[in-house]
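Trainee: This is the structure, below, for whatever I ask next.
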Amino acid sequence: MAAIIEPNLQHRDSAGSVARRRTNFVIFLGPAIVLTAIFFMIPVLIDIAVSFTDLDRTLRFGKFTTEQYHKVFRGDPRLAQVIGLTLVYVFGTLAVFNVTFGLVLALTTTALNKISGGFFRGVWLLPRMSPSVLYILLWLWVINPSDAGLLNQFLMQTVGLAKPLDLLTSAPVALIIIANGFIGASMGMIIFTAAIRGIPEHLFYAAAVDGAGTLAQIQFITLPALRWPISFVTIYQTLSLLVSFEYILLLTKGGPFYDTTVYALYVYRRAFASGQYGYGAALALFLIVIGVAVALLGWRFFDLQRLLQRPRIEVH
Amino acid sequence: MAALTELQRLPGDWDGLAARARSLRRAKAAALYAFLIAVSLPIILPYFWLVTIAFSAKTGVADTMVLWRSTAVFVPTVIAFWLAAILAQNRRQMWLAITAIGLIATAAFALLIGPDLHPRNFIFLVEPDFASVVRSRSGVVRGAVQFPSVWKAFGNSLLIAGAQTVIVLTVASLAAYYLSRFQFPARAAMLRSLLVLHAFPVLTLIVPMFLMLYWMGLLDTLFGVILVLVAFELPFAVFIMKGFFDAVPWDIEMSALTDGASRRQAFLRVVLPQVRNGLLAIAVFTFIRGWEEYIFVFTFLIRNTNWTMSLYMYYVRDDVMGVDYGVVSAVGVFYLVPSLVLYLAAQRYLMQMSIGGVKG
């Protein structure tokens, strides 16, 4: 059938179709290319350009200078602390919640029947489904330092805590890790659940017949099957934790002082709170480079062959 | 010989073994449930209390007793629903049980909490200057935020999310179709850069984007924010849509072409209807993203007539929290419900989308 049709289609190709090919290209791809060029390429160029100026609150260019990069590498005493905190935050959240707890949730909910498993997964998706401002509102309300805070009410009534806790000043880093982790865990949970569902069931039966207990089944069947999803989640969540600061800004505003200011938030505070746009742009450039590098890793995770599959109709 | 005697000895023990296995399995399941309930309660309770407080709190601090009483109804109800869903033998039984539990729970709710319920916390829906009213009620004079009407913020959010959805859907499906179905010189390069762009963290561009909008004169305009959000959402949408287009069989298009349709007609009339699920998923996802957007609108929008719901919520929390939990919760419920409803309605399509593309 196709063999009969194709010559026909090829035939129409040669005549006046070069013009149509061009218009098609413009109609279909034009808008997307223009938007991406304006809002991805140009900002990156602006960022590079601005990082070599001393642009400040007045938003007027002064002179060309490499002063910002000197500051990044030598002149900013706070930067070392910020980077240290960022590492603790990113890897703490990742290790405890995004990967480990996500995995635990996926394993436990898939061990239950469909309805119960779905219910608990739904509960854990709630934080991800709620708007960030609202999610953090709930947190602020739970940890409210007065005795009206839910956590304080609970602890004072059950454990007999004498004085209300003020977690925002006493344990801010733990707080931002947990608040982000509750959201991050659900990402891993969804991806791992899908992967576990994809494991052929007969493998588990065979293992059970051979005498494998639950833990042995997890160790020798489930985990090996999850190798790709786990590295996928690890890499992408590392990136997203590294660049995002929304929940931290809402929860602690980076404080007290600079105690919860991670690198991405530091960029934001330098640029928008202190008005040092030049310095902010220089700091942001490092994040942009990391972002591109990790995004390039995506080539390993997606099936390029399938993505690049050749179209089968040559007519325009 | 030894094995045979072993076998002969066993039968007496079968029942014992089976019973042991059954109780072991039950113990395991119970432990799993206990664990999951323990870790899930801290999530579910604040959301439940948010709703309870929105409808019950008086001015001043939230009434703790109402919270505990409502929890005493809520937790057993959830457990009962879940037991009904598991234990029911068929659909009819399940629906009967669920209706019965729902009625009992409603009755218990009405008896225990009913007298405390009132809609007064939703004053912000009709009174733009509700903050002053709330403050004067509790005698606190504090905060100076001038609030616009909530409907203004609601409209802005709707406009941003709606416009963003329409533009992303149009641009992304056009581009994805072309990338999926046409051969052209730069195709491979474009697909590779698409793959990179769709994973690229756009938040890193916030500083140059701010400057760019300022120089373009689009800072503090809804139009500028919409453009930025559209561009940032685009690579992901194109990527997902391309997957959906790839899955449409070639034969359909082929026969449309032999019947005399042009490629453009074939796209509009024949292929587009085939990817309805993809369009729905992208639409819902983009709309929710626009509705929830906080960081970019917080940075790019300043005037209070340009506030979106997220900014409105933020300033209500900043200004009125501590004075009146009831109003803050009511605004929260008003803000949360649309996105939850959308998520639940489109759950099936969203799942298809988030999992597609990841190598198992």
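A note on labels: chains of the structure tokens are A, B, ... as shown, every chain counts residues from 1, and ligands are counted from 1 in their shown order.
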Set the distance at 12 Å and use only C-alpha atoms: which residues neighbour Ala111 (chain A) once local chain neighbours fewer than 2 positions away are removed? I'd like the list as a list of chain:residue names.

Mentor: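 My list of contacting residues is A:Val104, A:Leu105, A:Ala106, A:Leu107, A:Thr108, A:Thr109, A:Asn113, A:Lys114, A:Ile115, A:Ser116, A:Gly117, A:Gly118, A:Phe120, A:Thr193, A:Ile196, A:Arg197, A:Phe204, A:Thr214, A:Gln217, A:Ile218, A:Thr222, B:Arg25, B:Lys28, B:Ala29, B:Ala30, B:Ala31, B:Leu32, B:Tyr33, B:Leu36.
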
Trainee: Would you pick out the contacts of Asn121 (chain B) at 12 Å or less, using only C-alpha atoms, so that residues sharing its chain but fewer than 6 positions from it are not included, and give the list as a PyMOL selection string?

Mentor: chain B and resi 51-60+62+127+130-131+133-134+324-334

Trainee: Counting only C-alpha atoms, which of B:Ala199, B:Ile123, B:Ala88, B:Ala261 gets nearest to chain A?

Mentor: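 Smallest separation from chain A among the options: B:Ala199.
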
Trainee: Any idea which chain A residues end up within 6 Å of chain B if we count only C-alpha atoms, as a list in words please?

Mentor: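 That gives the following set of residues: Phe28, Leu29, Ala32, Leu35, Thr36, Pro43, Ile46, Asp47, Pro131, Ala195, Ile288, Gly291, Ala295, Leu296 and Pro311 of chain A.
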
Trainee: How would the residues just picked look written out with C-alpha atoms as a compact mmCIF listing (two decimals), in the first residue's frame?

Mentor:
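Written output follows (again.txt):
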```
# COMPACT_ATOMS: atom_id res chain seq x y z
CA PHE A 28 5.04 25.64 12.64
CA LEU A 29 8.42 26.33 14.19
CA ALA A 32 8.65 28.52 19.24
CA LEU A 35 10.20 32.78 21.97
CA THR A 36 13.07 30.49 22.95
CA PRO A 43 19.04 36.40 28.95
CA ILE A 46 22.67 39.65 29.07
CA ASP A 47 23.84 37.79 32.15
CA PRO A 131 0.72 26.23 45.65
CA ALA A 195 9.44 1.41 37.63
CA ILE A 288 23.71 28.64 34.52
CA GLY A 291 22.41 23.92 34.69
CA ALA A 295 20.83 19.29 31.22
CA LEU A 296 23.36 17.83 28.78
CA PRO A 311 9.83 11.21 9.49
```

Trainee: Could you write out, as a ChimeraX atom specification, all the residues of region 183-302 of chain A that DSSP marks as helix (DSSP H, G or I)?

Mentor: /A:183-197,201-209,214-225,227-243,246-251,263-273,277-301

Trainee: For the selection just defined, write its residues with C-alpha atoms to a file, as a compact mmCIF listing (two decimals), in the first residue's frame.

Mentor:
```
# COMPACT_ATOMS: atom_id res chain seq x y z
CA ILE A 183 7.83 17.80 48.33
CA GLY A 184 10.90 16.15 46.85
CA ALA A 185 9.99 12.70 48.16
CA SER A 186 6.88 12.53 46.00
CA MET A 187 8.86 12.94 42.77
CA GLY A 188 10.99 9.89 43.55
CA MET A 189 7.91 8.06 44.76
CA ILE A 190 6.08 8.47 41.45
CA ILE A 191 9.01 7.50 39.26
CA PHE A 192 10.04 4.55 41.43
CA THR A 193 6.46 3.32 41.67
CA ALA A 194 6.15 3.29 37.90
CA ALA A 195 9.44 1.41 37.63
CA ILE A 196 8.47 -1.16 40.27
CA ARG A 197 5.14 -1.73 38.51
CA GLU A 201 5.76 -10.31 38.55
CA HIS A 202 7.03 -13.83 37.87
CA LEU A 203 10.49 -12.80 39.03
CA PHE A 204 9.11 -12.24 42.54
CA TYR A 205 7.30 -15.59 42.53
CA ALA A 206 10.41 -17.38 41.34
CA ALA A 207 12.48 -15.72 44.06
CA ALA A 208 9.89 -16.60 46.69
CA VAL A 209 9.95 -20.24 45.62
CA THR A 214 10.86 -9.70 51.39
CA LEU A 215 14.20 -8.00 52.01
CA ALA A 216 16.07 -10.37 49.72
CA GLN A 217 13.50 -9.76 46.99
CA ILE A 218 13.99 -6.03 47.34
CA GLN A 219 17.76 -6.35 47.33
CA PHE A 220 18.09 -8.74 44.38
CA ILE A 221 15.11 -7.87 42.18
CA THR A 222 13.67 -4.44 42.91
CA LEU A 223 16.78 -2.38 43.53
CA PRO A 224 18.71 -3.61 40.47
CA ALA A 225 15.66 -2.81 38.34
CA ARG A 227 19.17 1.58 38.92
CA TRP A 228 18.23 3.92 36.06
CA PRO A 229 15.34 5.64 37.81
CA ILE A 230 17.48 6.20 40.90
CA SER A 231 20.30 7.84 38.99
CA PHE A 232 17.76 9.86 37.02
CA VAL A 233 16.08 11.15 40.18
CA THR A 234 19.42 11.81 41.86
CA ILE A 235 20.80 13.90 39.05
CA TYR A 236 17.68 15.89 38.28
CA GLN A 237 16.79 16.51 41.90
CA THR A 238 20.35 17.62 42.65
CA LEU A 239 19.97 20.22 39.95
CA SER A 240 16.54 21.35 41.01
CA LEU A 241 17.57 21.61 44.67
CA LEU A 242 20.67 23.53 43.67
CA VAL A 243 18.82 26.20 41.71
CA GLU A 246 11.29 29.40 46.50
CA TYR A 247 10.35 27.49 49.64
CA ILE A 248 13.33 28.80 51.58
CA LEU A 249 12.55 32.38 50.64
CA LEU A 250 8.97 31.90 51.78
CA LEU A 251 9.80 30.00 54.96
CA TYR A 263 23.67 29.75 46.83
CA ALA A 264 20.66 30.35 44.57
CA LEU A 265 18.98 32.46 47.24
CA TYR A 266 22.24 34.32 47.79
CA VAL A 267 22.21 35.29 44.11
CA TYR A 268 18.65 36.52 44.51
CA ARG A 269 19.36 38.47 47.69
CA ARG A 270 22.49 40.07 46.22
CA ALA A 271 20.67 41.14 43.07
CA PHE A 272 17.25 42.14 44.34
CA ALA A 273 17.71 42.94 48.03
CA TYR A 277 22.88 43.29 39.74
CA GLY A 278 26.40 42.96 38.34
CA TYR A 279 27.55 40.74 41.19
CA GLY A 280 24.30 38.78 41.09
CA ALA A 281 24.76 38.16 37.37
CA ALA A 282 28.32 36.92 37.93
CA LEU A 283 27.15 34.53 40.67
CA ALA A 284 24.22 33.38 38.53
CA LEU A 285 26.53 32.55 35.64
CA PHE A 286 28.01 29.66 37.65
CA LEU A 287 24.53 28.25 38.21
CA ILE A 288 23.71 28.64 34.52
CA VAL A 289 26.85 26.70 33.57
CA ILE A 290 25.97 23.92 36.01
CA GLY A 291 22.41 23.92 34.69
CA VAL A 292 23.53 23.47 31.10
CA ALA A 293 26.00 20.76 32.09
CA VAL A 294 23.39 18.72 33.97
CA ALA A 295 20.83 19.29 31.22
CA LEU A 296 23.36 17.83 28.78
CA LEU A 297 23.39 14.69 30.92
CA GLY A 298 19.79 14.26 29.80
CA TRP A 299 21.17 12.78 26.60
CA ARG A 300 22.11 9.73 28.58
CA PHE A 301 18.65 9.29 30.03
```

Trainee: To one decimal place, how far is CA of Arg60 (chain A) from CA of Val82 (chain A) in Å?

Mentor: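 It comes out at 28.5 Å.
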
Trainee: My list of candidates is B:Leu24, B:Leu301, B:Val73, B:Leu350. Which is closest to Leu219 (chain B) when distances are computed with only C-alpha atoms?

Mentor: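 Under the stated criterion, the closest residue is B:Leu301.
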